[in-house]
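Next comes final_19.txt, a file with compact mmCIF, C-alpha atoms and all ligand atoms.
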```
# COMPACT_ATOMS: atom_id res chain seq x y z
CA LYS A 144 24.40 -62.81 -38.90
CA LEU A 145 26.45 -64.15 -36.01
CA VAL A 146 23.85 -66.79 -35.09
CA SER A 147 23.63 -68.20 -38.59
CA ARG A 148 24.96 -71.43 -40.01
CA GLU A 149 26.41 -69.40 -42.91
CA PHE A 150 28.49 -67.35 -40.48
CA LYS A 151 29.83 -70.47 -38.78
CA ARG A 152 29.55 -73.89 -40.39
CA ASN A 153 30.58 -76.07 -37.42
CA ASN A 154 28.41 -76.57 -34.36
CA THR A 155 29.30 -74.38 -31.41
CA VAL A 156 30.29 -76.37 -28.35
CA ILE A 157 29.95 -74.39 -25.13
CA ASN A 158 32.26 -75.40 -22.32
CA VAL A 159 30.79 -74.62 -18.91
CA GLY A 160 33.52 -75.47 -16.44
CA GLY A 161 34.25 -78.78 -18.13
CA VAL A 162 30.65 -79.61 -19.11
CA GLU A 163 30.16 -79.40 -22.87
CA ILE A 164 26.85 -78.21 -24.28
CA GLY A 165 26.48 -79.03 -27.97
CA GLY A 166 29.11 -81.75 -27.87
CA SER A 167 28.63 -85.42 -28.57
CA LYS A 168 26.60 -86.15 -25.43
CA PRO A 169 23.28 -84.55 -24.46
CA ILE A 170 23.34 -82.70 -21.15
CA VAL A 171 20.54 -82.48 -18.59
CA MET A 172 19.58 -79.55 -16.40
CA ALA A 173 17.18 -80.47 -13.63
CA GLY A 174 15.74 -79.18 -10.38
CA PRO A 175 12.71 -77.42 -9.00
CA CYS A 176 10.81 -74.64 -10.73
CA ALA A 177 11.56 -72.34 -7.82
CA VAL A 178 14.09 -72.39 -5.01
CA GLU A 179 11.88 -72.71 -1.93
CA SER A 180 14.21 -73.66 0.91
CA MET A 181 17.67 -75.09 1.49
CA GLU A 182 16.17 -78.43 2.43
CA GLN A 183 14.04 -78.64 -0.73
CA LEU A 184 16.93 -77.58 -2.92
CA MET A 185 19.55 -79.84 -1.37
CA GLU A 186 17.20 -82.81 -1.68
CA SER A 187 16.60 -81.93 -5.34
CA ALA A 188 20.28 -81.41 -6.11
CA THR A 189 21.34 -84.67 -4.51
CA ALA A 190 18.67 -86.57 -6.45
CA VAL A 191 19.35 -85.05 -9.87
CA ALA A 192 23.11 -85.43 -9.50
CA LYS A 193 22.70 -89.07 -8.53
CA ALA A 194 20.53 -89.65 -11.59
CA GLY A 195 23.23 -88.14 -13.84
CA ALA A 196 22.21 -84.51 -14.46
CA GLN A 197 25.03 -81.99 -15.00
CA PHE A 198 23.15 -78.79 -14.06
CA LEU A 199 20.94 -77.73 -11.17
CA ARG A 200 18.06 -75.50 -12.27
CA GLY A 201 15.84 -73.39 -10.04
CA GLY A 202 14.40 -69.90 -10.09
CA ALA A 203 15.32 -67.34 -7.47
CA PHE A 204 13.43 -64.62 -9.36
CA LYS A 205 10.15 -66.03 -10.65
CA PRO A 206 8.18 -64.33 -13.44
CA ARG A 207 4.79 -65.49 -12.14
CA THR A 208 1.51 -64.92 -13.97
CA SER A 209 -0.04 -63.42 -10.82
CA PRO A 210 1.74 -60.89 -8.59
CA TYR A 211 0.24 -62.67 -5.57
CA ASP A 212 1.99 -65.97 -6.34
CA PHE A 213 5.38 -66.87 -4.82
CA GLN A 214 7.95 -64.56 -6.41
CA GLY A 215 11.14 -66.34 -5.34
CA LEU A 216 13.81 -65.94 -2.67
CA ALA A 217 16.03 -63.55 -4.70
CA GLU A 218 19.70 -63.43 -3.66
CA GLN A 219 19.11 -65.82 -0.77
CA GLY A 220 17.89 -68.33 -3.38
CA LEU A 221 20.96 -67.76 -5.55
CA LYS A 222 23.23 -68.53 -2.59
CA MET A 223 21.33 -71.75 -1.96
CA LEU A 224 21.65 -72.74 -5.63
CA ARG A 225 25.40 -72.27 -5.56
CA GLU A 226 25.79 -74.18 -2.33
CA ALA A 227 23.55 -77.10 -3.31
CA ALA A 228 25.15 -77.34 -6.76
CA ASP A 229 28.72 -77.24 -5.40
CA ALA A 230 27.92 -79.86 -2.79
CA ASN A 231 26.81 -82.19 -5.60
CA GLY A 232 29.26 -81.40 -8.40
CA LEU A 233 26.63 -79.58 -10.48
CA LYS A 234 26.61 -76.34 -12.49
CA VAL A 235 23.92 -73.71 -11.93
CA VAL A 236 21.44 -72.37 -14.49
CA THR A 237 19.00 -69.75 -13.25
CA GLU A 238 16.85 -66.97 -14.63
CA VAL A 239 17.68 -63.30 -14.70
CA VAL A 240 14.55 -61.16 -15.04
CA ASP A 241 15.90 -57.62 -15.20
CA GLN A 242 18.99 -55.54 -15.87
CA ARG A 243 19.61 -54.51 -12.29
CA SER A 244 20.05 -58.09 -11.05
CA ILE A 245 22.35 -59.35 -13.85
CA GLU A 246 25.56 -58.79 -11.93
CA THR A 247 24.23 -60.49 -8.81
CA VAL A 248 22.86 -63.48 -10.72
CA ALA A 249 26.09 -63.77 -12.74
CA SER A 250 28.12 -63.91 -9.53
CA TYR A 251 26.35 -67.15 -8.50
CA ALA A 252 25.27 -68.80 -11.77
CA ASP A 253 27.21 -70.66 -14.48
CA VAL A 254 24.56 -70.06 -17.15
CA LEU A 255 22.14 -67.13 -17.23
CA GLN A 256 18.60 -68.00 -18.30
CA ILE A 257 16.40 -65.57 -20.20
CA GLY A 258 12.79 -66.62 -19.69
CA ALA A 259 10.14 -66.91 -22.37
CA ARG A 260 8.44 -63.71 -21.21
CA ASN A 261 11.63 -61.73 -21.70
CA MET A 262 12.72 -63.14 -25.05
CA GLN A 263 12.12 -59.80 -26.75
CA ASN A 264 13.24 -57.60 -23.87
CA PHE A 265 15.98 -56.22 -26.08
CA GLN A 266 17.61 -54.03 -23.43
CA LEU A 267 17.90 -57.05 -21.12
CA LEU A 268 19.26 -59.18 -24.00
CA LYS A 269 21.96 -56.61 -24.76
CA GLU A 270 23.07 -56.31 -21.17
CA VAL A 271 23.06 -60.04 -20.55
CA GLY A 272 25.29 -60.33 -23.63
CA ARG A 273 27.90 -58.27 -21.79
CA ALA A 274 27.77 -60.27 -18.54
CA GLY A 275 30.57 -62.66 -19.48
CA LYS A 276 28.53 -65.83 -18.94
CA PRO A 277 26.82 -68.28 -21.30
CA VAL A 278 23.15 -67.44 -21.85
CA MET A 279 20.25 -69.86 -22.27
CA LEU A 280 17.55 -68.13 -24.30
CA LYS A 281 14.08 -69.56 -23.95
CA ARG A 282 11.69 -69.22 -26.86
CA GLY A 283 8.99 -66.59 -26.38
CA LEU A 284 5.41 -67.76 -25.95
CA CYS A 285 4.43 -66.49 -29.38
CA ALA A 286 7.83 -66.17 -31.02
CA THR A 287 8.60 -67.36 -34.53
CA ILE A 288 11.91 -69.08 -35.18
CA LYS A 289 13.12 -65.91 -36.92
CA GLU A 290 12.25 -63.69 -33.96
CA TRP A 291 14.02 -66.15 -31.68
CA LEU A 292 17.15 -66.10 -33.84
CA ASN A 293 17.09 -62.31 -33.80
CA ALA A 294 16.84 -62.32 -30.01
CA ALA A 295 19.97 -64.48 -29.89
CA GLU A 296 21.62 -62.09 -32.33
CA TYR A 297 21.04 -59.26 -29.82
CA ILE A 298 23.00 -61.23 -27.21
CA MET A 299 25.79 -62.23 -29.58
CA SER A 300 26.13 -58.74 -30.98
CA GLU A 301 27.29 -57.63 -27.52
CA GLY A 302 30.21 -60.05 -27.58
CA CYS A 303 28.69 -63.20 -26.10
CA ASP A 304 29.51 -66.27 -28.23
CA ASP A 305 27.87 -68.76 -25.88
CA VAL A 306 24.13 -68.76 -26.45
CA ILE A 307 21.98 -71.86 -25.96
CA PHE A 308 18.46 -71.97 -27.38
CA CYS A 309 15.72 -73.54 -25.27
CA GLU A 310 12.46 -74.68 -26.87
CA ARG A 311 9.81 -74.57 -24.13
CA GLY A 312 6.57 -74.71 -26.08
CA ILE A 313 4.53 -72.02 -27.77
CA ARG A 314 0.96 -70.82 -27.37
CA THR A 315 -1.51 -72.34 -29.81
CA TYR A 316 -5.27 -73.00 -29.80
CA GLU A 317 -4.63 -76.24 -27.87
CA THR A 318 -5.45 -76.11 -24.17
CA TYR A 319 -4.99 -79.73 -23.09
CA THR A 320 -1.30 -79.06 -22.72
CA ARG A 321 0.04 -75.89 -21.08
CA ASN A 322 1.96 -75.05 -24.27
CA THR A 323 2.50 -76.80 -27.59
CA LEU A 324 6.01 -78.20 -27.59
CA ASP A 325 7.47 -77.52 -31.03
CA LEU A 326 10.03 -80.25 -31.59
CA SER A 327 10.42 -79.20 -35.20
CA ALA A 328 12.18 -76.15 -33.76
CA VAL A 329 15.10 -78.44 -32.90
CA ALA A 330 15.56 -79.38 -36.54
CA ALA A 331 14.94 -75.80 -37.68
CA ILE A 332 17.55 -74.34 -35.32
CA LYS A 333 20.05 -77.01 -36.39
CA GLU A 334 19.56 -75.98 -40.02
CA LEU A 335 19.66 -72.25 -39.41
CA SER A 336 22.21 -71.89 -36.62
CA HIS A 337 25.45 -73.33 -35.26
CA LEU A 338 24.30 -72.79 -31.66
CA PRO A 339 23.14 -75.62 -29.36
CA ILE A 340 19.49 -76.15 -28.44
CA VAL A 341 17.95 -77.81 -25.41
CA VAL A 342 14.29 -78.73 -24.87
CA ASP A 343 12.07 -78.11 -21.84
CA PRO A 344 9.38 -80.82 -21.82
CA SER A 345 8.12 -79.61 -18.42
CA HIS A 346 6.88 -76.16 -19.46
CA GLY A 347 6.36 -77.54 -22.96
CA THR A 348 3.55 -79.82 -21.79
CA GLY A 349 2.65 -78.72 -18.25
CA ARG A 350 1.89 -82.35 -17.44
CA ARG A 351 4.10 -84.71 -15.47
CA SER A 352 2.87 -87.72 -17.47
CA MET A 353 4.03 -86.18 -20.74
CA VAL A 354 7.54 -85.20 -19.71
CA ARG A 355 9.10 -88.61 -20.36
CA PRO A 356 7.78 -89.17 -23.90
CA MET A 357 8.67 -85.62 -24.97
CA ALA A 358 12.13 -85.87 -23.39
CA ILE A 359 12.80 -89.04 -25.37
CA ALA A 360 11.46 -87.45 -28.57
CA ALA A 361 13.59 -84.33 -28.08
CA ILE A 362 16.78 -86.34 -27.82
CA ALA A 363 15.77 -88.43 -30.83
CA ALA A 364 15.17 -85.20 -32.76
CA GLY A 365 18.75 -84.10 -32.10
CA ALA A 366 18.44 -81.78 -29.11
CA ASP A 367 21.71 -81.08 -27.27
CA GLY A 368 20.04 -81.50 -23.91
CA LEU A 369 17.00 -81.12 -21.73
CA ILE A 370 15.83 -78.95 -18.86
CA ILE A 371 13.42 -80.80 -16.59
CA GLU A 372 11.59 -79.77 -13.42
CA VAL A 373 12.15 -82.14 -10.51
CA HIS A 374 10.79 -81.63 -7.00
CA PRO A 375 11.21 -83.93 -3.99
CA HIS A 376 7.53 -83.37 -3.10
CA PRO A 377 5.66 -82.05 -6.16
CA GLU A 378 2.33 -82.02 -4.31
CA VAL A 379 3.52 -79.21 -2.04
CA ALA A 380 5.61 -77.30 -4.63
CA LEU A 381 5.16 -73.52 -4.55
CA SER A 382 5.15 -73.47 -8.37
CA ASP A 383 4.65 -75.90 -11.25
CA GLY A 384 4.05 -78.99 -9.08
CA GLU A 385 1.76 -80.52 -11.75
CA GLN A 386 4.62 -80.74 -14.23
CA SER A 387 7.41 -81.61 -11.79
CA LEU A 388 8.83 -85.13 -11.71
CA THR A 389 9.63 -86.93 -8.48
CA PRO A 390 13.27 -88.01 -8.13
CA ALA A 391 12.18 -91.61 -8.87
CA ASP A 392 10.40 -90.56 -12.11
CA PHE A 393 13.45 -88.54 -13.08
CA GLU A 394 15.79 -91.50 -12.67
CA GLU A 395 13.69 -93.47 -15.14
CA VAL A 396 13.69 -90.63 -17.64
CA MET A 397 17.48 -90.36 -17.38
CA ALA A 398 17.85 -94.05 -18.14
CA ASP A 399 15.60 -93.69 -21.20
CA ILE A 400 17.50 -90.65 -22.43
CA LYS A 401 20.81 -92.48 -22.20
CA ARG A 402 19.38 -95.38 -24.16
CA VAL A 403 18.04 -93.12 -26.92
CA ALA A 404 21.26 -91.08 -27.07
CA SER A 405 23.33 -94.24 -27.50
CA LEU A 406 21.38 -95.06 -30.68
CA LEU A 407 22.23 -91.74 -32.38
C1 LIG B 501 11.39 -71.53 -15.90
O1 LIG B 501 12.14 -72.26 -16.58
O2 LIG B 501 11.43 -71.49 -14.68
C2 LIG B 501 10.41 -70.66 -16.58
C3 LIG B 501 9.82 -69.67 -15.93
O3 LIG B 501 10.19 -70.99 -17.86
P1 LIG B 501 9.59 -70.12 -19.08
O4 LIG B 501 10.31 -68.82 -19.09
O5 LIG B 501 9.89 -71.00 -20.25
O6 LIG B 501 8.12 -69.99 -18.82
MN MN B 502 8.41 -73.67 -13.88
```
Before anything else, please render the file you have as structure tokens.
Amino acid sequence: KLVSREFKRNNTVINVGGVEIGGSKPIVMAGPCAVESMEQLMESATAVAKAGAQFLRGGAFKPRTSPYDFQGLAEQGLKMLREAADANGLKVVTEVVDQRSIETVASYADVLQIGARNMQNFQLLKEVGRAGKPVMLKRGLCATIKEWLNAAEYIMSEGCDDVIFCERGIRTYETYTRNTLDLSAVAAIKELSHLPIVVDPSHGTGRRSMVRPMAIAAIAAGADGLIIEVHPHPEVALSDGEQSLTPADFEEVMADIKRVASLL
């Protein structure tokens, strides 16, 4: 299989306009859960760039649990992402939720994100594999490592060599945390695949207080990077405020990550 370590012995390094994912230095993607307004996004982008992140994250199409929750700003949100990222020297990673919006999302984003809920949407995986952009594949809520690898295989089989895994927690019997962050997945993916893997401690825990320790642990475990939710005013966030860091919290986490990475 194309994803397997047997197929390719050396680690894949993905170059996104000069930013290397899977190289010697961990990368950080950060920003709000959802793009809410230009002001919110610009404030987020400025803060995460200043703290040392390489990517701006933010959803313009949000796969919300309830249809009555904020669904995102769609193409208007994509435009804002591009503008805020460019103004701060950042790359853009954002989710694509269906086939018909792939081309539009790909025209603004540097990395296309497949969300946990779409990890086994095989038609979407195939088409995103033909979009000509790197793809970040989040682990499904109940997906085994094998199912996750097969999902990546769907993308690669369409000609895309640049797939990044993202561990974002899985559903278990535990309810204290939003999901159970499976850091052993980092080691498992490193054994089984040559592709890079990043960790999402925000969705992985659902709790702001737990983002820092899990971010540190992920880097120590060998993750190639992190994706972290940061909001200038988490208390008024339209989604995932409880797990979003303030810019000040994020700066501290970035300093910790650098310290841990320097020990590896
Ligand atoms: C997200 O990163 O915005 C998101 C919706 O995450 P997940 O697909 O992991 O739930
Ligand atoms: Mn979120």
Grab the atom CA of Arg207 of chain A to atom CA of Ala361 of chain A distance for me, in Å with one decimal place.
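Between these atoms lies a distance of 26.2 Å.
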Within 8 Å of ligand MN 502 (chain B), which residues of chain A show up? Give each one with its shortest atom-to-atom distance in Å (one decimal) and the two atoms involved, counting only C-alpha atoms and all ligand atoms, rows by chain then rising residue number, as a Markdown table.
```
| residue | atom | partner | partner_atom | distance |
| --- | --- | --- | --- | --- |
| A:Pro175 | CA | B:MN502 | MN | 7.5 |
| A:Cys176 | CA | B:MN502 | MN | 4.1 |
| A:Ala177 | CA | B:MN502 | MN | 7.0 |
| A:Ser345 | CA | B:MN502 | MN | 7.5 |
| A:His346 | CA | B:MN502 | MN | 6.3 |
| A:Glu372 | CA | B:MN502 | MN | 6.9 |
| A:Ser382 | CA | B:MN502 | MN | 6.4 |
| A:Asp383 | CA | B:MN502 | MN | 5.1 |
```
Subject >> Gly275 of chain A surroundings by only C-alpha atoms, 12 Å radius, close-in-sequence under 6 positions cut, as a ChimeraX atom specification >> reply: /A:159,245-246,248-250,252-255,269,298-299,301-306
Checklist line | Contacts to ligand LIG 501 (chain B) at 9 Å cut-off (only C-alpha atoms and all ligand atoms) as an NGL selection string | finding: :A and (175-177 or 200-202 or 204-207 or 237-238 or 256-262 or 280-284 or 309-312 or 343 or 345-347 or 370-372 or 383)
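Remark: for Ile332 of chain A, the closest of the candidate residues A:Gln214, A:Asn231, A:Thr287, A:Thr389 is A:Thr287 (distances computed over all atoms listed in the file).
Distance-wise, atom CA of Leu233 of chain A and atom CA of Glu163 of chain A end up 12.9 Å apart.
In this model, the gap between atom CA of Leu184 of chain A and atom CA of Asn322 of chain A comes to 26.2 Å.
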Listed atoms of segment 364-369 of chain A, axis-aligned box, 8 Å per side: centre and edge lengths to one decimal in Å, as lines of an AutoDock Vina configuration file?
```
center_x = 18.4
center_y = -83.1
center_z = -27.2
size_x = 22.5
size_y = 20.1
size_z = 27.0
```
Shortest contact to Ser187 of chain A, candidates A:Leu199, A:Leu268, A:Ala404, A:Met357, atoms counted all atoms listed in the file, goes to A:Leu199
Q) Of the candidates A:Ala286, A:Arg273, A:Arg225, A:Ile313, which shows the shortest atom-to-atom distance to Ser300 of chain A, using only C-alpha atoms? A)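 Of the candidates, the smallest distance to Ser300 of chain A is held by A:Arg273.
Of the listed residues (A:Lys276, A:Lys222, A:Arg314, A:Arg321), A:Lys222 comes nearest to Ser180 of chain A; the distances count all atoms listed in the file.
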Original post:
Counting all atoms listed in the file, what is within 8 Å of Arg148 of chain A, bar same-chain residues fewer than 3 positions away, as a ChimeraX atom specification?
Top reply: /A:151-153,334-337
Using C-alpha atoms, can you write the selected residues to a file as a short mmCIF file (atom, residue, chain, number, x, y, z; two decimals), in the frame of the given file?
```cif
data_model
loop_
_atom_site.label_atom_id
_atom_site.label_comp_id
_atom_site.auth_asym_id
_atom_site.auth_seq_id
_atom_site.Cartn_x
_atom_site.Cartn_y
_atom_site.Cartn_z
CA LYS A 151 29.83 -70.47 -38.78
CA ARG A 152 29.55 -73.89 -40.39
CA ASN A 153 30.58 -76.07 -37.42
CA GLU A 334 19.56 -75.98 -40.02
CA LEU A 335 19.66 -72.25 -39.41
CA SER A 336 22.21 -71.89 -36.62
CA HIS A 337 25.45 -73.33 -35.26
#
```
Q.
Nearest residue to Leu267 of chain A out of A:Tyr319, A:Tyr297, A:Phe150, A:Trp291, using all atoms listed in the file?
A.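 For Leu267 of chain A, the nearest of the candidates is A:Tyr297.
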Please write as a short mmCIF file (atom, residue, chain, number, x, y, z; two decimals) with C-alpha atoms, in the frame of the given file the list of polymer residues whose atoms come within 8 Å of (15.5, -88.1, -14.4), counting all atoms listed in the file and keeping to the coordinates of the file.
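point38.cif, freshly written:
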```cif
data_model
loop_
_atom_site.label_atom_id
_atom_site.label_comp_id
_atom_site.auth_asym_id
_atom_site.auth_seq_id
_atom_site.Cartn_x
_atom_site.Cartn_y
_atom_site.Cartn_z
CA ALA A 173 17.18 -80.47 -13.63
CA VAL A 191 19.35 -85.05 -9.87
CA ALA A 194 20.53 -89.65 -11.59
CA GLY A 195 23.23 -88.14 -13.84
CA ALA A 196 22.21 -84.51 -14.46
CA ILE A 371 13.42 -80.80 -16.59
CA VAL A 373 12.15 -82.14 -10.51
CA LEU A 388 8.83 -85.13 -11.71
CA PRO A 390 13.27 -88.01 -8.13
CA ALA A 391 12.18 -91.61 -8.87
CA ASP A 392 10.40 -90.56 -12.11
CA PHE A 393 13.45 -88.54 -13.08
CA GLU A 394 15.79 -91.50 -12.67
CA GLU A 395 13.69 -93.47 -15.14
CA VAL A 396 13.69 -90.63 -17.64
CA MET A 397 17.48 -90.36 -17.38
CA ALA A 398 17.85 -94.05 -18.14
#
```
Might you pull out every residue within 12 Å of Leu406 of chain A, with all atoms listed in the file counted and same-chain residues fewer than 4 positions away left off, and present them as a count of residues only?
10
Self-check item: Minimum-distance residue to Thr323 of chain A, chosen among A:Thr348, A:Thr189, A:Gln219, A:Gln263 (using only C-alpha atoms)
Solution: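 Smallest separation from Thr323 of chain A among the options: A:Thr348.
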Could you give me segment 294-322 of chain A completed to N, CA and C atoms, formatted as a short mmCIF file (atom, residue, chain, number, x, y, z; two decimals), keeping the file's coordinate frame?
```cif
data_model
loop_
_atom_site.label_atom_id
_atom_site.label_comp_id
_atom_site.auth_asym_id
_atom_site.auth_seq_id
_atom_site.Cartn_x
_atom_site.Cartn_y
_atom_site.Cartn_z
N ALA A 294 16.60 -62.56 -31.44
CA ALA A 294 16.84 -62.32 -30.01
C ALA A 294 18.23 -62.80 -29.63
N ALA A 295 18.62 -63.97 -30.16
CA ALA A 295 19.97 -64.48 -29.89
C ALA A 295 21.03 -63.57 -30.50
N GLU A 296 20.69 -63.01 -31.66
CA GLU A 296 21.62 -62.09 -32.33
C GLU A 296 21.90 -60.87 -31.44
N TYR A 297 20.86 -60.38 -30.75
CA TYR A 297 21.04 -59.26 -29.82
C TYR A 297 22.10 -59.59 -28.77
N ILE A 298 22.05 -60.81 -28.25
CA ILE A 298 23.00 -61.23 -27.21
C ILE A 298 24.39 -61.35 -27.81
N MET A 299 24.48 -62.02 -28.95
CA MET A 299 25.79 -62.23 -29.58
C MET A 299 26.43 -60.94 -30.04
N SER A 300 25.59 -60.00 -30.47
CA SER A 300 26.13 -58.74 -30.98
C SER A 300 26.84 -57.94 -29.89
N GLU A 301 26.61 -58.30 -28.64
CA GLU A 301 27.29 -57.63 -27.52
C GLU A 301 28.56 -58.36 -27.10
N GLY A 302 28.94 -59.38 -27.86
CA GLY A 302 30.21 -60.05 -27.58
C GLY A 302 30.09 -61.41 -26.93
N CYS A 303 28.86 -61.88 -26.71
CA CYS A 303 28.69 -63.20 -26.10
C CYS A 303 28.59 -64.26 -27.20
N ASP A 304 29.52 -65.21 -27.21
CA ASP A 304 29.51 -66.27 -28.23
C ASP A 304 28.72 -67.48 -27.77
N ASP A 305 28.42 -67.55 -26.47
CA ASP A 305 27.87 -68.76 -25.88
C ASP A 305 26.38 -68.65 -25.58
N VAL A 306 25.59 -68.82 -26.62
CA VAL A 306 24.13 -68.76 -26.45
C VAL A 306 23.56 -70.15 -26.70
N ILE A 307 22.65 -70.56 -25.84
CA ILE A 307 21.98 -71.86 -25.96
C ILE A 307 20.50 -71.58 -26.15
N PHE A 308 19.90 -72.12 -27.19
CA PHE A 308 18.46 -71.97 -27.38
C PHE A 308 17.74 -72.97 -26.48
N CYS A 309 16.54 -72.60 -26.03
CA CYS A 309 15.72 -73.54 -25.27
C CYS A 309 14.28 -73.49 -25.78
N GLU A 310 13.86 -74.56 -26.43
CA GLU A 310 12.46 -74.68 -26.87
C GLU A 310 11.62 -75.11 -25.67
N ARG A 311 10.60 -74.31 -25.34
CA ARG A 311 9.81 -74.57 -24.13
C ARG A 311 8.31 -74.55 -24.43
N GLY A 312 7.98 -74.70 -25.73
CA GLY A 312 6.57 -74.71 -26.08
C GLY A 312 6.08 -73.33 -26.43
N ILE A 313 5.12 -73.30 -27.34
CA ILE A 313 4.53 -72.02 -27.77
C ILE A 313 3.04 -72.06 -27.56
N ARG A 314 2.41 -70.89 -27.59
CA ARG A 314 0.96 -70.82 -27.37
C ARG A 314 0.22 -71.09 -28.68
N THR A 315 -0.67 -72.05 -28.63
CA THR A 315 -1.51 -72.34 -29.81
C THR A 315 -2.96 -72.40 -29.35
N TYR A 316 -3.86 -72.86 -30.20
CA TYR A 316 -5.27 -73.00 -29.80
C TYR A 316 -5.48 -74.17 -28.85
N GLU A 317 -4.50 -75.05 -28.72
CA GLU A 317 -4.63 -76.24 -27.87
C GLU A 317 -4.56 -75.85 -26.39
N THR A 318 -5.47 -76.42 -25.60
CA THR A 318 -5.45 -76.11 -24.17
C THR A 318 -5.23 -77.34 -23.29
N TYR A 319 -5.21 -78.52 -23.90
CA TYR A 319 -4.99 -79.73 -23.09
C TYR A 319 -3.62 -79.68 -22.45
N THR A 320 -2.65 -79.26 -23.25
CA THR A 320 -1.30 -79.06 -22.72
C THR A 320 -1.12 -77.58 -22.40
N ARG A 321 -0.20 -77.29 -21.49
CA ARG A 321 0.04 -75.89 -21.08
C ARG A 321 0.54 -75.07 -22.26
N ASN A 322 1.45 -75.67 -23.05
CA ASN A 322 1.96 -75.05 -24.27
C ASN A 322 2.03 -76.16 -25.32
#
```
